[in-house]
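Here the structure comes first, spelled out in structure tokens, and everything after it is commentary.
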Amino acid sequence: MELKQQAKTAVALLVILVIITGVAYPLVITGIGQGAFNRQADGSLLRDADGKIVGSSLIGQNFTAPHYFHPRPSAAGADGYDARASGASNLGPTNQLLLDAVESRAKAYRQENNLPADADVPVDAVTSSGSGLDPHISPANAYLQTGRVAKARRLPENDVMELVRQHVEERTLGFLGEARVNVLKLNLALDERFRR
Amino acid sequence: MSGATIGLLVLFFAIIFLITKPLGLYMAKVFGGERTPLSRVLLPVEGLVYRACRVDPEEEFHWTKYALGIVLFGLGGVLFLFLILRFQGLLRLNPQDFDGLAPHLAFNTAVSFMTHTNWQSYSGEQTMSHLSQMAGLTVQNFCAAAVGMALAMAFIRGLSRRSAQGVGNCWADITRAILYILLPVSTILAIVFIWQGVPQNLQGALSVATLEGGAQTIAQGPVASQEAIKVLGTNGGGFFAANSAHPFENPNHWTNFLQLIAMAAIPSAMTYTFGRLVGDTRQGWAIWAVMAILLLAGTSLSTVIEQQGNPNFDAIAANQQAGAEQAGGNLEGKETRFGVGQSMLFTNVSVATSTGAVNNTHDSLMPLASIVPMVYMQTGGAVFGGAGVGLYSMLIFAILAVFIAGLMVGRTPEYLGKKIEPFEIKMVMLVTLAIASTVLLFTALAATTDRGFAGVLNPGPHGFSEMLYAYSSSASNNGSAFAGLNTDSSFYSYTLGLVMLLGRFMIVIPVLALAGAMARKERVPQSLGTLPTHGPLFVALVAGFVIIVGALTFFPALALGPIVEHLMM
């Protein structure tokens with residue numbers, strides 16, 4: 001008797017809650033979001049000077065050409081920055097695979113950027129992020145890449161450095177967030193400012 | 001710790017402290033059926049729900065009837081979710097034409113979301129249709145959190161009532177939790193998240209040509225609506241595989257901070273609700289203090305370890321020094337915008353509150369830092385803990401502390417004027433043993449079988465840590481993961497699913513039995529021999545018990561995993 005009564009109520013309440021929280025709630029939020037914050041609700045897409053969508057300001061993408069700033073290493077998908085396969089390396093701190101990867105990335109980084117063989121490399125440049133889609137690099141990392149980018153674009157290094165400085169986002173109130181540079185926005189600005 | 005991290009901790013604890021009283025008071029009113037500012041709009045809706053379900057909200061249930069309702073509601077939830085996941089391929093709102101989930105994965109996921117664990121053996125953006133995310137997973141995010149809050153209310157009633165048969169009405173508790181607390185706050189949170197960049201649409205993945213001429217396909221969907229209840233309900237199941245590390249789930253430091261507050265809000269406020277309803281708010285604040293002290297200790301410890309970075313990187317000349325131009329520290333698996341400070345606070349708050357969301361990869365934490373989240377889970381999620389669940393988990397420790405302290409001075413132990421007798425202690429021990437035995441036995445099973453080893457990613461002691469972490473997480477219904485462990489296999493799906501069910505119901509039933517037994521008791525007047533349960537002595541006693549019980553039970557297992565790994569470095 002008690003069992004039957006409670007079972008009936010459980011099913012009825014579940015059905016009602018599916019309608020309220022599983023259908024009405026997300027659809028109402030979608031309506032409000034699309035109406036009030038359309039750009040963000042659709043993924044904060046970025047367009048180039050011609051109006052073509054080149055990605056999302058929140059999602060990092062791969063850059064390997066010398067005239068672009070490079071993002072952090074990525075473990076998302078087979079080639080990195082696959083925005084359908086977010087994820088990290090999950091390698092433990094003592095795993096030899098991680099140590100080898102960090103070592104070879106540091107070596108490549110120094111070579112690309114013409115640094116001495118014993119130069120310190122910013123840790124974000126040699127480690128992969130949690131999402132594999134990290135849109136940012138540290139300012140230290142960006143400054144070290146400036147010489148290479150300027151050379152590849154045949155520009156005075158100071159001009160590029162100036163643009164990087166403008167793209168550094170500092171901590172809010174001095175303690176919230178971290179100093180960072182959005183790589184896609186910076187590269188987009190490079191292309192717009194210094195048409196190739 | 002850097003000045004920025006200290007500032008972050010001060011701001012976090014200050015805000016949590018400040019919302020505890022108003023939100024706790026509001027929850028006390030909601031669950032007591034009193035009028036609140038939202039009643040004008042919601043009272044008719046609430047009445048409609050009761051009429052449709054033929055519920056009399058005034059009817060008091062004996063603890064067995066309450067427990068029966070909770071079990072059946074969970075069973076129904078699992079079945080419904082299982083069917084949606086199995087057959088999503090035939091249903092609508094599936095822009096990427098994902099197939100239905102394999103039976104083992106559908107079982108694991110359905111159990112995981114119903115038990116408030118939100119363990120994910122799948123990658124959201126490659127597996128789930130929008131319908132599954134909305135009508136499947138989001139629904140259980142609401143229901144599981146509401147059930148946790150309902151259980152806490154039943155437990156509080158057990159302690160506050162005298163000579164009573166009933167512990168409340170589970171249907172009214174669940175309905176009120178959702179209508180008055182979870183739904184309105186989630187709505188506000190979701191809108192703020194969208195404003196800050198979390199997508200909310202019904203489109204499939206978007207293909208773009210990148211600036212350098214490559215191709216990128218960007219998965220999106222109704223993210224914000226799920227994100228809000230994911231954190232507020234201390235659920236933790238992400239829309240994407242990378243969870244709160246994904247820039248679409250957690251775009252910046254504001255959303256990150258808001259997620260921290262949302263995860264801690266209900267567990268923190270529940271302590272005030274408790275104090276208020278037992279008629280002495282100092283009792284609630286004492287419990288709050290135990291939780292806050294343990295959370296602060298764990299956060300400080302793990303932040304310092306992570307900020308020092310990985311000593312193995314020093315030889316490679318990777319610069320891990322924090323400075324004005326970089327966050328530094330062990331950045332493998334961490335996002336630039338969060339650095340170490342906001343990553344470690346997130347790890348601590350998320351695991352302590354049993355949410356299990358991650359904004360950085362726990363598998364890549366330094367070994368000693370990774371002990372901290374494991375201890376939160378192995379002590380049953382008592383440090384703030386899940387919405388509602390954390391309160392009764394900590395009260396179990398409080399009762400245990402009263403009992404042992406009572407034995408030491410030779411008095412009859414009592415808590416809040418209720419005598420603690422053999423039946424109560426049996427229930428307390430059942431709860432304590434349920435977690436310890438399931439975690440240790442199943443970890444041992446995985447560590448000694450080929451099918452267990454097949455899922456391990458990292459070699460050596462770290463691989464053992466992966467297994468220990470997985471079973472600790474599922475037994476305490478947490479959901480946090482050392483994500484390197486591949487659990488999309490029938491071995492892990494079924495054993496983890498079973499452990500989640502054991503972890504939920506082997507605790508829920510003794511806890512409700514305890515509530516029922518306490519409700520029936522008379523209140524004995526305080527005497528000189530009564531141990532005050534609101535002062536610093538009691539706070540220290542309970543905090544000590546949490547650590548000692550956790551440490552003694554799990555130290556040998558932790559020694560085989562993270563401690564050995566640390567010593568090998």
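Identifiers in the structure tokens: chain A, B, ... in order shown; residue index from 1 per chain; ligand index from 1 in order shown.
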
Can you tell me, as a CSV table (one decimal) with C-alpha atoms, in the first residue's frame, which residues in range 86-191 of chain A count as strand (DSSP E or B) by DSSP?
chain,number,residue,atom,x,y,z
A,121,VAL,CA,61.5,29.1,-20.8
A,122,PRO,CA,58.2,30.3,-19.2
A,136,HIS,CA,45.9,32.7,-23.5
A,137,ILE,CA,49.6,32.7,-22.9
A,168,VAL,CA,48.2,42.2,-22.0
A,169,GLU,CA,45.2,41.8,-19.7
A,172,THR,CA,41.5,42.7,-11.8
A,176,LEU,CA,41.7,38.2,-9.4
A,180,ARG,CA,47.5,37.0,-19.8
A,181,VAL,CA,47.5,37.6,-23.5
A,182,ASN,CA,44.8,36.3,-25.8

Query - Pick from B:Asn169, B:Ser302, B:Asn312, B:Asn94, whichever lies nearest to chain A using only C-alpha atoms - result: B:Asn312

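Between CA of Ile53 in chain A and CA of Pro199 in chain B lies a distance of 16.4 Å.
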
Query raised in the report: Any idea what's packed within 10 Å of Pro93 in chain A, counting only C-alpha atoms, ignoring anything in its chain fewer than 5 positions away? Could you give it as a list in words?
Result: Leu98 and Leu99 of chain A; Gly309, Asn310, Pro311, Asn312, Phe313, Asn330, Glu332, Asp363, Ser364, Leu365, Met366, Pro367, Asn458, His462, Glu565, His566 and Met569 of chain B

Keeping only C-alpha atoms, take the residues you just selected and write them out as a compact mmCIF listing (two decimals), in the first residue's frame.
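Printed below is again_27.txt as written:
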# COMPACT_ATOMS: atom_id res chain seq x y z
CA LEU A 98 55.67 14.39 -19.51
CA LEU A 99 59.28 15.18 -18.64
CA GLY B 309 56.11 23.77 -9.18
CA ASN B 310 57.47 20.48 -10.40
CA PRO B 311 61.11 20.01 -9.29
CA ASN B 312 61.67 17.79 -12.32
CA PHE B 313 61.11 20.80 -14.58
CA ASN B 330 53.03 23.56 -11.81
CA GLU B 332 50.63 21.19 -16.52
CA ASP B 363 45.91 13.76 -12.48
CA SER B 364 48.75 16.25 -13.07
CA LEU B 365 48.81 17.63 -9.51
CA MET B 366 51.95 17.18 -7.46
CA PRO B 367 51.63 13.95 -5.41
CA ASN B 458 50.33 6.75 -15.62
CA HIS B 462 50.57 7.20 -9.74
CA GLU B 565 55.40 8.86 -5.68
CA HIS B 566 56.58 11.90 -3.76
CA MET B 569 60.92 12.27 -6.99

Report task. From a DSSP calculation on the backbone, collect every residue of range 228-358 of chain B in helix (DSSP H, G or I) and output the set as a ChimeraX atom specification. Result -> /B:228-232,243-245,253-277,281-308,311-314,339-352
